[in-house]
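Data file: protein_20.txt. Format and content: compact mmCIF, C-alpha atoms.
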# COMPACT_ATOMS: atom_id res chain seq x y z
CA MET A 47 14.37 -4.91 24.93
CA ASP A 48 17.05 -6.48 22.73
CA ASP A 49 18.66 -3.87 20.44
CA PHE A 50 18.25 -6.00 17.32
CA PHE A 51 14.56 -6.54 18.08
CA ALA A 52 14.16 -2.83 18.90
CA ALA A 53 15.75 -1.78 15.59
CA ARG A 54 13.48 -4.10 13.61
CA SER A 55 10.43 -2.99 15.60
CA GLN A 56 11.21 0.68 15.06
CA MET A 57 11.58 0.18 11.31
CA ALA A 58 8.37 -1.86 11.19
CA LEU A 59 6.49 0.79 13.15
CA SER A 60 7.75 3.58 10.92
CA LEU A 61 6.91 1.70 7.74
CA GLY A 62 3.53 0.67 9.11
CA PHE A 63 2.49 4.28 9.63
CA HIS A 64 4.18 5.70 6.54
CA ILE A 65 2.62 3.21 4.15
CA ILE A 66 -0.87 4.43 5.07
CA PHE A 67 0.06 8.10 4.73
CA SER A 68 1.83 7.47 1.43
CA CYS A 69 -0.98 5.35 -0.07
CA ILE A 70 -3.52 8.07 0.60
CA GLY A 71 -1.12 10.74 -0.64
CA MET A 72 -0.56 8.78 -3.87
CA VAL A 73 -4.23 8.24 -4.65
CA MET A 74 -6.29 11.17 -3.32
CA PRO A 75 -4.93 13.64 -5.91
CA PHE A 76 -6.49 11.50 -8.66
CA PHE A 77 -9.88 11.67 -6.92
CA MET A 78 -9.41 15.42 -6.65
CA ALA A 79 -8.48 15.73 -10.34
CA VAL A 80 -11.55 13.74 -11.47
CA SER A 81 -13.84 15.87 -9.33
CA HIS A 82 -12.23 19.03 -10.69
CA PHE A 83 -12.66 17.77 -14.24
CA GLN A 84 -16.34 17.06 -13.57
CA TRP A 85 -16.83 20.61 -12.31
CA LEU A 86 -15.12 22.14 -15.36
CA ARG A 87 -17.18 19.93 -17.68
CA SER A 88 -20.58 20.21 -16.00
CA GLY A 89 -20.49 23.38 -13.91
CA ASP A 90 -21.99 21.46 -10.95
CA GLU A 91 -20.89 23.39 -7.87
CA ASN A 92 -20.95 20.19 -5.81
CA TYR A 93 -17.90 19.01 -7.73
CA ARG A 94 -16.09 22.32 -7.17
CA ASN A 95 -16.78 22.12 -3.45
CA LEU A 96 -15.75 18.48 -3.36
CA THR A 97 -12.48 19.31 -5.11
CA LYS A 98 -11.72 21.99 -2.53
CA ALA A 99 -12.59 19.67 0.35
CA TRP A 100 -10.43 16.85 -0.99
CA SER A 101 -7.54 19.21 -1.74
CA LYS A 102 -7.30 20.00 1.97
CA GLY A 103 -7.08 16.28 2.72
CA VAL A 104 -4.36 15.95 0.07
CA ALA A 105 -2.40 18.74 1.76
CA ILE A 106 -2.70 17.04 5.17
CA PHE A 107 -1.42 13.71 3.89
CA PHE A 108 1.30 15.32 1.79
CA ALA A 109 2.69 16.95 4.94
CA THR A 110 2.42 13.82 7.11
CA GLY A 111 3.82 11.61 4.35
CA ALA A 112 6.78 13.96 3.93
CA VAL A 113 7.50 13.90 7.66
CA SER A 114 7.20 10.13 8.06
CA GLY A 115 9.18 9.49 4.87
CA THR A 116 12.00 11.78 6.01
CA VAL A 117 12.16 9.91 9.31
CA LEU A 118 12.47 6.63 7.41
CA SER A 119 15.41 7.91 5.38
CA PHE A 120 17.23 8.84 8.59
CA GLU A 121 16.40 5.50 10.15
CA LEU A 122 18.01 3.61 7.28
CA GLY A 123 21.33 5.20 8.17
CA LEU A 124 20.80 5.16 11.93
CA LEU A 125 19.55 1.59 12.34
CA TRP A 126 21.17 -0.22 9.41
CA PRO A 127 24.57 1.43 8.77
CA LYS A 128 26.26 -1.73 7.47
CA PHE A 129 23.52 -2.15 4.90
CA MET A 130 23.63 1.48 3.76
CA GLU A 131 27.44 1.44 3.56
CA HIS A 132 27.27 -1.04 0.70
CA ALA A 133 23.75 -0.60 -0.62
CA GLY A 134 23.59 3.19 -0.79
CA PRO A 135 25.68 3.59 -3.96
CA ILE A 136 23.76 0.78 -5.68
CA PHE A 137 20.11 1.57 -5.02
CA GLY A 138 20.49 5.31 -4.51
CA MET A 139 19.09 6.01 -8.00
CA PRO A 140 15.39 5.42 -7.19
CA PHE A 141 15.71 7.43 -3.98
CA SER A 142 17.25 10.39 -5.80
CA LEU A 143 14.55 10.25 -8.48
CA GLU A 144 11.92 9.95 -5.74
CA GLY A 145 13.27 13.19 -4.28
CA THR A 146 12.83 14.86 -7.66
CA ALA A 147 9.26 13.59 -7.95
CA PHE A 148 8.58 14.82 -4.42
CA PHE A 149 9.73 18.36 -5.26
CA ILE A 150 7.61 18.40 -8.42
CA GLU A 151 4.64 17.23 -6.37
CA ALA A 152 5.24 19.96 -3.78
CA ILE A 153 5.42 22.71 -6.40
CA ALA A 154 2.35 21.45 -8.25
CA LEU A 155 0.38 21.16 -5.00
CA GLY A 156 1.27 24.75 -4.12
CA PHE A 157 0.06 25.91 -7.54
CA PHE A 158 -3.16 23.95 -7.13
CA LEU A 159 -3.99 25.07 -3.60
CA TYR A 160 -3.38 28.76 -4.31
CA GLY A 161 -4.37 28.81 -7.96
CA TRP A 162 -8.14 29.14 -7.58
CA GLY A 163 -9.23 32.15 -9.64
CA ARG A 164 -5.61 32.97 -10.54
CA PHE A 165 -4.83 30.50 -13.34
CA ASN A 166 -6.54 29.42 -16.51
CA PRO A 167 -9.09 26.82 -15.26
CA TRP A 168 -7.67 23.98 -17.33
CA PHE A 169 -4.08 24.79 -16.39
CA HIS A 170 -5.20 24.80 -12.77
CA TRP A 171 -6.74 21.35 -13.27
CA PHE A 172 -3.52 20.17 -14.92
CA THR A 173 -1.47 21.12 -11.84
CA GLY A 174 -3.70 18.78 -9.82
CA VAL A 175 -3.03 15.98 -12.30
CA ILE A 176 0.71 16.59 -11.89
CA VAL A 177 0.30 16.21 -8.11
CA GLY A 178 -1.21 12.77 -8.66
CA VAL A 179 1.27 11.58 -11.29
CA SER A 180 4.34 12.72 -9.34
CA GLY A 181 2.96 11.22 -6.10
CA LEU A 182 2.35 7.89 -7.81
CA ALA A 183 5.85 8.02 -9.33
CA SER A 184 7.32 8.61 -5.87
CA GLY A 185 5.59 5.54 -4.54
CA ILE A 186 6.71 3.35 -7.44
CA LEU A 187 10.32 4.50 -7.06
CA VAL A 188 10.38 3.67 -3.35
CA VAL A 189 8.88 0.25 -4.09
CA ALA A 190 11.64 -0.27 -6.68
CA ALA A 191 14.19 0.18 -3.89
CA ASN A 192 12.39 -2.38 -1.75
CA ALA A 193 12.15 -4.73 -4.73
CA TRP A 194 15.93 -4.53 -5.07
CA MET A 195 16.22 -5.84 -1.51
CA ASN A 196 14.11 -8.83 -2.59
CA SER A 197 15.87 -9.28 -5.91
CA PRO A 198 19.43 -7.86 -5.78
CA ALA A 199 20.77 -6.75 -9.16
CA GLY A 200 23.12 -4.20 -10.68
CA PHE A 201 26.38 -5.41 -9.12
CA ASP A 202 28.73 -8.37 -8.86
CA TYR A 203 29.33 -9.73 -5.36
CA VAL A 204 32.88 -11.06 -5.24
CA ASN A 205 34.69 -11.96 -2.02
CA GLY A 206 32.51 -9.65 0.04
CA GLN A 207 32.98 -6.76 -2.39
CA TYR A 208 30.26 -5.02 -4.45
CA LEU A 209 31.77 -4.53 -7.90
CA ASN A 210 30.66 -3.40 -11.38
CA ILE A 211 27.79 -1.33 -10.02
CA ASP A 212 24.97 -0.50 -12.47
CA PRO A 213 22.30 1.69 -10.76
CA MET A 214 19.83 1.37 -13.64
CA ARG A 215 19.89 -2.43 -13.52
CA ALA A 216 19.52 -2.23 -9.76
CA MET A 217 16.45 -0.03 -10.06
CA PHE A 218 14.78 -2.11 -12.78
CA ASN A 219 15.43 -5.40 -11.03
CA ASN A 220 13.40 -8.56 -11.58
CA ALA A 221 10.96 -7.77 -8.77
CA TRP A 222 10.20 -4.10 -9.38
CA LEU A 223 7.40 -4.50 -11.93
CA SER A 224 5.37 -7.06 -9.97
CA GLN A 225 5.82 -5.20 -6.67
CA ALA A 226 5.10 -1.76 -8.15
CA LEU A 227 1.95 -2.98 -9.91
CA HIS A 228 0.66 -4.85 -6.87
CA MET A 229 1.40 -1.96 -4.49
CA SER A 230 -0.15 0.68 -6.77
CA LEU A 231 -3.39 -1.26 -7.17
CA ALA A 232 -3.43 -1.91 -3.42
CA ALA A 233 -3.10 1.83 -2.75
CA PHE A 234 -6.02 2.66 -5.06
CA ALA A 235 -8.22 -0.08 -3.59
CA ALA A 236 -7.42 0.74 0.03
CA THR A 237 -7.80 4.49 -0.32
CA GLY A 238 -10.83 4.18 -2.58
CA PHE A 239 -12.77 1.93 -0.21
CA ALA A 240 -11.82 4.07 2.80
CA VAL A 241 -12.94 7.31 1.14
CA ALA A 242 -16.07 5.74 -0.34
CA GLY A 243 -16.94 4.28 3.06
CA VAL A 244 -16.62 7.63 4.82
CA HIS A 245 -18.92 9.29 2.29
CA ALA A 246 -21.33 6.33 2.46
CA LEU A 247 -21.53 6.91 6.21
CA MET A 248 -22.41 10.55 5.63
CA ILE A 249 -25.14 9.53 3.17
CA LEU A 250 -26.58 7.11 5.72
CA LYS A 251 -26.70 10.00 8.20
CA HIS A 252 -28.53 12.11 5.57
CA LYS A 253 -25.89 14.83 5.69
CA ASN A 254 -25.14 16.80 2.50
CA VAL A 255 -26.42 13.90 0.44
CA HIS A 256 -25.77 15.41 -3.02
CA PHE A 257 -22.22 16.36 -2.08
CA HIS A 258 -21.38 12.96 -0.56
CA THR A 259 -23.11 10.99 -3.32
CA ARG A 260 -20.80 12.50 -5.92
CA ALA A 261 -17.79 11.86 -3.71
CA PHE A 262 -18.85 8.26 -3.10
CA ARG A 263 -19.25 7.60 -6.82
CA ILE A 264 -15.74 8.81 -7.71
CA ALA A 265 -14.00 6.92 -4.89
CA ALA A 266 -16.03 3.75 -5.44
CA ILE A 267 -15.16 3.56 -9.14
CA PHE A 268 -11.43 3.78 -8.42
CA ALA A 269 -11.69 1.30 -5.55
CA THR A 270 -13.73 -1.35 -7.33
CA VAL A 271 -11.73 -1.32 -10.56
CA ALA A 272 -8.48 -1.66 -8.57
CA ALA A 273 -9.93 -4.44 -6.39
CA VAL A 274 -10.97 -6.48 -9.44
CA LEU A 275 -7.55 -6.07 -11.07
CA GLN A 276 -5.66 -6.84 -7.87
CA PRO A 277 -6.01 -10.67 -8.01
CA LEU A 278 -4.42 -10.60 -11.47
CA SER A 279 -1.43 -8.67 -10.15
CA GLY A 280 -1.37 -10.98 -7.13
CA ASP A 281 -1.09 -14.01 -9.41
CA PHE A 282 1.73 -12.29 -11.31
CA SER A 283 3.50 -11.56 -7.99
CA ALA A 284 3.02 -15.09 -6.65
CA LYS A 285 4.55 -16.68 -9.76
CA ASP A 286 7.45 -14.23 -9.53
CA VAL A 287 8.05 -15.03 -5.84
CA ALA A 288 7.88 -18.78 -6.55
CA LYS A 289 10.70 -18.35 -9.04
CA ARG A 290 12.94 -15.93 -7.10
CA GLN A 291 12.14 -16.55 -3.41
CA PRO A 292 10.86 -20.11 -2.92
CA ALA A 293 11.45 -19.85 0.83
CA LYS A 294 9.10 -16.87 1.07
CA LEU A 295 6.40 -18.70 -0.91
CA ALA A 296 6.78 -21.73 1.35
CA ALA A 297 6.39 -19.53 4.44
CA MET A 298 3.38 -17.69 3.01
CA GLU A 299 1.65 -20.96 2.23
CA ALA A 300 2.97 -22.90 5.26
CA HIS A 301 4.32 -25.39 2.74
CA PHE A 302 6.72 -27.52 4.77
CA LYS A 303 7.33 -30.43 2.40
CA THR A 304 8.45 -30.30 -1.22
CA GLU A 305 5.92 -32.12 -3.35
CA LYS A 306 4.20 -32.31 -6.71
CA SER A 307 0.53 -31.39 -7.02
CA ALA A 308 1.01 -29.21 -3.95
CA SER A 309 -2.16 -28.22 -2.10
CA LEU A 310 -3.25 -24.65 -1.52
CA VAL A 311 -3.77 -24.05 2.20
CA LEU A 312 -6.73 -21.93 3.27
CA GLY A 313 -6.59 -20.69 6.85
CA GLY A 314 -5.06 -22.94 9.47
CA LEU A 315 -2.43 -22.53 12.17
CA PRO A 316 1.11 -23.59 11.22
CA ASP A 317 2.90 -25.89 13.64
CA GLU A 318 6.55 -25.14 12.88
CA GLU A 319 7.90 -27.85 15.15
CA GLY A 320 5.59 -30.53 13.81
CA LYS A 321 5.96 -29.28 10.21
CA LYS A 322 2.22 -29.26 9.63
CA VAL A 323 -0.79 -26.96 9.46
CA ASP A 324 -3.71 -27.53 11.79
CA TYR A 325 -7.36 -26.63 11.10
CA ALA A 326 -6.69 -25.82 7.43
CA ILE A 327 -8.69 -26.42 4.27
CA LYS A 328 -6.53 -27.82 1.48
CA ILE A 329 -7.23 -27.69 -2.25
CA PRO A 330 -5.11 -30.37 -3.99
CA GLY A 331 -2.88 -29.18 -6.83
CA MET A 332 -3.95 -25.56 -6.58
CA LEU A 333 -0.66 -24.25 -5.13
CA SER A 334 1.24 -25.88 -7.99
CA PHE A 335 -1.10 -24.21 -10.46
CA LEU A 336 -0.90 -20.77 -8.84
CA ALA A 337 2.88 -20.92 -8.49
CA HIS A 338 3.77 -22.48 -11.84
CA GLY A 339 0.61 -22.63 -13.99
CA ASN A 340 0.59 -26.42 -13.82
CA PHE A 341 -1.39 -28.62 -11.42
CA GLU A 342 1.39 -31.27 -11.40
CA GLN A 343 4.45 -29.01 -10.97
CA GLU A 344 6.65 -29.51 -7.94
CA VAL A 345 6.63 -26.70 -5.36
CA THR A 346 9.67 -26.24 -3.15
CA GLY A 347 8.96 -26.63 0.54
CA LEU A 348 10.88 -25.47 3.58
CA ASP A 349 12.53 -28.90 3.79
CA ARG A 350 14.71 -27.85 0.83
CA ILE A 351 15.79 -24.62 2.55
CA PRO A 352 18.73 -24.73 5.01
CA ALA A 353 17.49 -24.19 8.55
CA ALA A 354 19.61 -21.04 8.97
CA ASN A 355 17.95 -19.48 5.90
CA GLN A 356 14.34 -20.32 6.69
CA PRO A 357 11.93 -17.46 7.39
CA PRO A 358 9.38 -17.73 10.20
CA VAL A 359 6.12 -19.30 9.07
CA LEU A 360 3.35 -18.25 11.45
CA VAL A 361 3.44 -14.48 10.81
CA PRO A 362 3.82 -14.57 6.99
CA HIS A 363 1.14 -17.26 6.68
CA LEU A 364 -1.43 -15.46 8.82
CA ALA A 365 -0.63 -12.12 7.16
CA PHE A 366 -0.97 -13.66 3.71
CA GLN A 367 -4.30 -15.26 4.60
CA THR A 368 -5.52 -11.92 5.97
CA MET A 369 -4.47 -10.09 2.82
CA VAL A 370 -6.12 -12.60 0.50
CA GLY A 371 -9.29 -12.82 2.57
CA LEU A 372 -9.79 -9.06 2.66
CA GLY A 373 -8.91 -8.85 -1.03
CA MET A 374 -11.67 -11.35 -1.82
CA PHE A 375 -14.12 -9.35 0.31
CA MET A 376 -13.30 -6.15 -1.59
CA MET A 377 -13.50 -7.92 -4.94
CA GLY A 378 -16.91 -9.35 -4.04
CA LEU A 379 -18.14 -5.90 -2.99
CA SER A 380 -16.80 -4.56 -6.28
CA PHE A 381 -18.89 -7.00 -8.29
CA LEU A 382 -21.95 -5.99 -6.27
CA TYR A 383 -21.22 -2.38 -7.13
CA PHE A 384 -20.94 -3.16 -10.84
CA VAL A 385 -24.27 -5.01 -10.71
CA ALA A 386 -25.78 -1.98 -8.96
CA LEU A 387 -24.51 0.37 -11.67
CA TRP A 388 -25.67 -1.89 -14.48
CA ARG A 389 -28.95 -3.46 -13.35
CA GLN A 390 -29.88 -2.55 -9.76
CA LYS A 391 -29.47 1.21 -9.35
CA ARG A 392 -31.81 1.23 -6.37
CA TRP A 393 -29.09 -0.59 -4.42
CA LEU A 394 -26.99 2.58 -4.56
CA ARG A 395 -29.47 4.21 -2.17
CA SER A 396 -30.05 1.15 0.01
CA SER A 397 -28.78 1.22 3.58
CA TRP A 398 -27.52 -2.40 3.46
CA PHE A 399 -25.42 -1.62 0.39
CA LEU A 400 -23.93 1.56 1.85
CA LYS A 401 -23.23 -0.24 5.13
CA LEU A 402 -21.08 -2.76 3.25
CA PHE A 403 -18.90 0.12 2.06
CA VAL A 404 -18.75 1.51 5.60
CA ALA A 405 -17.59 -1.92 6.79
CA ALA A 406 -14.89 -1.85 4.10
CA ILE A 407 -13.30 1.39 5.38
CA PRO A 408 -10.40 -0.34 7.17
CA ALA A 409 -10.26 -3.45 4.95
CA GLY A 410 -7.88 -2.15 2.31
CA PHE A 411 -5.37 -0.70 4.74
CA ILE A 412 -5.34 -3.85 6.87
CA ALA A 413 -4.67 -5.80 3.66
CA VAL A 414 -1.85 -3.40 2.73
CA GLU A 415 -0.23 -3.79 6.15
CA ALA A 416 -0.60 -7.57 5.91
CA GLY A 417 0.95 -7.58 2.44
CA TRP A 418 3.97 -5.61 3.58
CA THR A 419 4.35 -7.96 6.53
CA VAL A 420 4.51 -10.87 4.09
CA THR A 421 7.07 -9.05 1.95
CA GLU A 422 9.37 -8.09 4.81
CA VAL A 423 9.05 -10.97 7.26
CA GLY A 424 9.02 -13.52 4.45
CA ARG A 425 12.42 -12.23 3.28
CA GLN A 426 14.08 -12.95 6.62
CA PRO A 427 16.75 -13.68 7.68
CA TRP A 428 17.99 -11.50 4.81
CA ILE A 429 17.95 -7.72 4.55
CA LEU A 430 19.44 -8.09 1.05
CA TYR A 431 18.17 -11.41 -0.21
CA GLY A 432 20.91 -14.03 -0.41
CA ILE A 433 23.67 -11.44 0.15
CA MET A 434 23.44 -9.78 3.58
CA ARG A 435 21.70 -10.97 6.72
CA THR A 436 19.56 -8.60 8.75
CA ALA A 437 21.54 -9.37 11.90
CA ASP A 438 24.76 -8.30 10.15
CA ALA A 439 23.33 -4.96 9.05
CA VAL A 440 21.98 -3.63 12.34
CA THR A 441 23.67 -0.76 14.16
CA PRO A 442 26.12 -1.62 16.97
CA MET A 443 24.98 1.48 18.87
CA PRO A 444 23.40 0.55 22.23
CA GLY A 445 20.18 2.05 23.55
CA ILE A 446 18.07 1.63 20.42
CA ALA A 447 15.17 0.58 22.62
CA TYR A 448 14.85 4.16 23.88
CA SER A 449 14.75 5.37 20.30
CA PHE A 450 11.94 2.88 19.61
CA TYR A 451 9.87 4.26 22.49
CA LEU A 452 10.47 7.84 21.35
CA PHE A 453 9.52 7.16 17.73
CA SER A 454 6.47 5.20 18.83
CA ALA A 455 5.26 8.24 20.76
CA VAL A 456 5.97 10.51 17.77
CA TYR A 457 4.04 8.35 15.30
CA VAL A 458 1.08 7.84 17.61
CA SER A 459 0.95 11.61 18.19
CA LEU A 460 1.20 12.29 14.46
CA SER A 461 -1.64 9.86 13.77
CA LEU A 462 -3.85 11.49 16.40
CA VAL A 463 -3.20 14.90 14.85
CA VAL A 464 -4.11 13.57 11.38
CA ILE A 465 -7.32 11.99 12.71
CA PHE A 466 -8.26 15.26 14.43
CA LEU A 467 -7.60 17.33 11.30
CA LEU A 468 -9.58 14.97 9.08
CA TYR A 469 -12.47 14.83 11.55
CA ARG A 470 -12.54 18.62 11.71
CA GLN A 471 -12.44 18.81 7.91
CA ILE A 472 -15.41 16.44 7.59
CA LYS A 473 -17.35 18.39 10.23
CA MET A 474 -16.65 21.63 8.36
CA VAL A 475 -18.11 20.35 5.08
CA PRO A 476 -21.67 21.62 5.73
CA GLU A 477 -20.42 25.06 6.68
CA LEU A 478 -17.94 25.49 3.84
CA TYR A 479 -19.29 23.47 0.94
CA ASP A 480 -22.98 22.78 1.38
CA ARG A 481 -25.31 24.25 -1.20
CA PRO A 482 -28.35 26.31 -0.24
CA ALA A 483 -31.47 24.24 0.50
CA GLN A 484 -33.38 25.54 -2.51
CA GLN A 485 -30.55 24.41 -4.82
CA LEU A 486 -30.56 20.93 -3.29
CA VAL A 487 -34.32 20.66 -3.86
CA ALA A 488 -33.90 21.80 -7.46
CA ALA A 489 -31.10 19.25 -8.00

Write-out of the structure in C-alpha cells:
Amino acid sequence: MDDFFAARSQMALSLGFHIIFSCIGMVMPFFMAVSHFQWLRSGDENYRNLTKAWSKGVAIFFATGAVSGTVLSFELGLLWPKFMEHAGPIFGMPFSLEGTAFFIEAIALGFFLYGWGRFNPWFHWFTGVIVGVSGLASGILVVAANAWMNSPAGFDYVNGQYLNIDPMRAMFNNAWLSQALHMSLAAFAATGFAVAGVHALMILKHKNVHFHTRAFRIAAIFATVAAVLQPLSGDFSAKDVAKRQPAKLAAMEAHFKTEKSASLVLGGLPDEEGKKVDYAIKIPGMLSFLAHGNFEQEVTGLDRIPAANQPPVLVPHLAFQTMVGLGMFMMGLSFLYFVALWRQKRWLRSSWFLKLFVAAIPAGFIAVEAGWTVTEVGRQPWILYGIMRTADAVTPMPGIAYSFYLFSAVYVSLSLVVIFLLYRQIKMVPELYDRPAQQLVAA
C-alpha cells in the first residue's frame, strides 16, 4: 500500500469512528438531563430509571470518545508533520479550549455518576447539564479547527512564511459558524433517531413498554426538531461553500461546465472523463438558486478550476447525494411524527410507525459520515485550502501501511467492545430499571 494512501486511509478511518462516538457523546447528556428534569418535576420513577440507564451509556461513549480523540491528536503529528509544523501555532487555540471543555465534562460526569443521593437534587441535575454543554462545546471547537482548514484565516502567507498570526481570527474563521451549526444539528438528528429507533424496537417487542415509551418520546423530539432545522443549515452551508470553495461545490454537484441557470443534479453517475453525469434527474436553475439565491446566477464549474486543483467528483457527489437523500427521509419522518403528536396520536402506538423509526436507526450516522466525506474529499488536493497540498504535508516516514493495519484492528476492536457493552446495558434494563408489574398496571 502506498504510504500517502495509507496515511489518508488511516486518518479517514480514525475520523470515521471518532465522529460517531463524539456525536453520541455530545448529544446523549441532553437526553439524560431532560429525563432527569422530568423525574424531579413529576416524581415518575420511570424517568429516574431512564436517567440512570442513559448515564451509563454516556459514560461508555465518553470513554471511547476520549480514547479515539486522543489517537487522532497523535495522528495529526505522526501522519502530517509538515502541516502541524506550520498550522499548530495558528489553530492551536480551539484545541486548547477543547481540552478545557473536556476536563470540565469529565469532572461534571464524575459528579453526576456518583452524586445520586449525595447532592442537592437540582444541583445534581445541573451537573448533568454541564456534561452536555461542555461536550457540545468540545465538538464545536474541534469543528472550528476543521473549518479553518477549509477557510484559512488568522495569518499572512508571504513567501512560504506564516506571519502576523492571530489565533482568535483563525478560530472564528469564515467557515466555522456554518460548519458548527450543520454538524451540531446533524449530531442531534443522528443520535436522536438512533436512540428513538432502539427504544421503538423494544416497544415493538413489548418489553418494558412504559420505560421505553418515555425514552422514545424524549429522543424523538430532539431528533425530529433537528432534522427539520437541518435543511436550513444545509442551505446556509451550501451558499457559504459556493462563495469560498467553488471547486468543492462543483464536485458535490458534478457540475462540470460553468453556466447560468445551472441545473441541480439529482442522483446520477459522474463521468469524469466525458465531463457529464449519466442517469441523473436535472432541475433547471435550481443549483443557481440554492448556491446564490437567484435562478439566473452563474455557477462556477470544474472547467474554471485548474486541473491540478480539481477535487475528485465521483466520491463527493455520491456522498452528497446520500447525505441529502437520508436527510430528506429523516425530515419526512419528522413531519409524520409532528402529525402524530398533533392529530393522530394512535400512530404513536402503531407498528408501522414504530418500524419507520427502527429503519431510521442507522440513517443519521450514515448521513454524518457522508457529510464528512464531502467536506474532506471535496477539499482535495488541499489539506489547508489554497495554501498547502495534502501531498506536501504527509510524513516521509516509511511503513505507514503497517500503522494503518494496526489502527484498523484497534478501532474495530473498540467498536465491538462498545457494541457488547451497549447490548449488555439494554439487556440489563428489565433487571435494573423495570417497575413492578402492579405499578405498570396502575400507570

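When atom CA of A:Trp393 is paired with atom CA of A:Gly378, their separation reads 15.0 Å.
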
Item to complete: Find the residues near stretch 219-230 of chain A: any atom within 8 Å, counting only C-alpha atoms, skip ones fewer than 6 places away on the same chain, and give them as a VMD selection string.
Response: chain A and resid 182 185 to 186 189 to 190 193 to 194 196 to 200 276 279 to 280 282 to 283 286

Worksheet entry | Spatial neighbours of stretch 309-315 of chain A, max dist 9 Å, only C-alpha atoms, sep filter under 3 positions, as a PyMOL selection string | chain A and resi 299-301+306+322-334+336+360+363-364+367-368

Using all atoms listed in the file, tabulate the residues of stretch 216-309 of chain A lying at most 9 Å from any atom of stretch 92-100 of chain A, each with its closest atom pair and that distance in Å to one decimal, by chain and increasing residue number, as CSV.
residue,atom,partner,partner_atom,distance
A:His256,CA,A:Asn92,CA,7.3
A:Phe257,CA,A:Asn92,CA,5.5
A:His258,CA,A:Leu96,CA,8.4
A:Arg260,CA,A:Tyr93,CA,7.4
A:Ala261,CA,A:Leu96,CA,6.9

Discussion item. Residues within 8 Å of stretch 415-419 of chain A, please, as a PyMOL selection string. Count all atoms listed in the file; anything in the same chain fewer than 3 positions from it doesn't count.
Written reply: chain A and resi 62+65+361-362+365-366+368-369+411-412+422-424

Worksheet item: Near A:Lys401, within 12 Å and counting all atoms listed in the file, which residues show up once chain neighbours fewer than 2 positions away are dropped, as a PyMOL selection string?
Response: chain A and resi 239+242-251+379+393-399+403-407

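Note that the spacing between atom CA of A:Asp212 and atom CA of A:Ala191 amounts to 13.8 Å.
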
Discussion item. Considering only C-alpha atoms, can you say which of A:Ala297, A:Phe63, A:Gly123, A:Leu86 comes closest to A:Ser459?
Written reply: A:Phe63

Item to complete: Tell me which protein, DNA and RNA residues are within 8 Å of stretch 169-178 of chain A, counting only C-alpha atoms, leaving out same-chain ones fewer than 6 positions away, and put them as a PyMOL selection string.
Response: chain A and resi 72-76+78-79+82-83+150-152+154-155+157-158+161-162

Next, the residues of the selection above should be written as a compact mmCIF listing (two decimals), keeping the file's coordinate frame with C-alpha atoms.
# COMPACT_ATOMS: atom_id res chain seq x y z
CA MET A 72 -0.56 8.78 -3.87
CA VAL A 73 -4.23 8.24 -4.65
CA MET A 74 -6.29 11.17 -3.32
CA PRO A 75 -4.93 13.64 -5.91
CA PHE A 76 -6.49 11.50 -8.66
CA MET A 78 -9.41 15.42 -6.65
CA ALA A 79 -8.48 15.73 -10.34
CA HIS A 82 -12.23 19.03 -10.69
CA PHE A 83 -12.66 17.77 -14.24
CA ILE A 150 7.61 18.40 -8.42
CA GLU A 151 4.64 17.23 -6.37
CA ALA A 152 5.24 19.96 -3.78
CA ALA A 154 2.35 21.45 -8.25
CA LEU A 155 0.38 21.16 -5.00
CA PHE A 157 0.06 25.91 -7.54
CA PHE A 158 -3.16 23.95 -7.13
CA GLY A 161 -4.37 28.81 -7.96
CA TRP A 162 -8.14 29.14 -7.58

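The interatomic distance for the pair atom CA of A:Val113 and atom CA of A:Pro127 works out to 21.2 Å.
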
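Using all atoms listed in the file, the smallest distance between any of A:Ala386, A:Leu122, A:Leu400, A:Ala293 and A:Pro358 comes from A:Ala293.
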
Counting all atoms listed in the file, give me one row per residue of stretch 81-175 of chain A with an atom at most 12 Å from an atom of stretch 202-211 of chain A, showing the shortest contact pair and its distance in Å to one decimal, sorted by chain then residue number, as a tab-separated table.
residue	atom	partner	partner_atom	distance
A:Phe129	CA	A:Tyr208	CA	11.9
A:Glu131	CA	A:Tyr208	CA	10.7
A:His132	CA	A:Tyr208	CA	7.2
A:Ala133	CA	A:Tyr208	CA	8.8
A:Gly134	CA	A:Ile211	CA	11.1
A:Pro135	CA	A:Ile211	CA	8.1
A:Ile136	CA	A:Ile211	CA	6.3
A:Phe137	CA	A:Ile211	CA	9.6
A:Gly138	CA	A:Ile211	CA	11.3
A:Met139	CA	A:Ile211	CA	11.6

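Comparing A:Gln84, A:Thr304, A:Thr237, A:Asn192 by their smallest distance to A:Ile70, the closest is A:Thr237 (using all atoms listed in the file).
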
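Nearest to A:Leu143 of all the residues A:Met195, A:Met214, A:Ala233, A:Leu462 is A:Met214, counting all atoms listed in the file.
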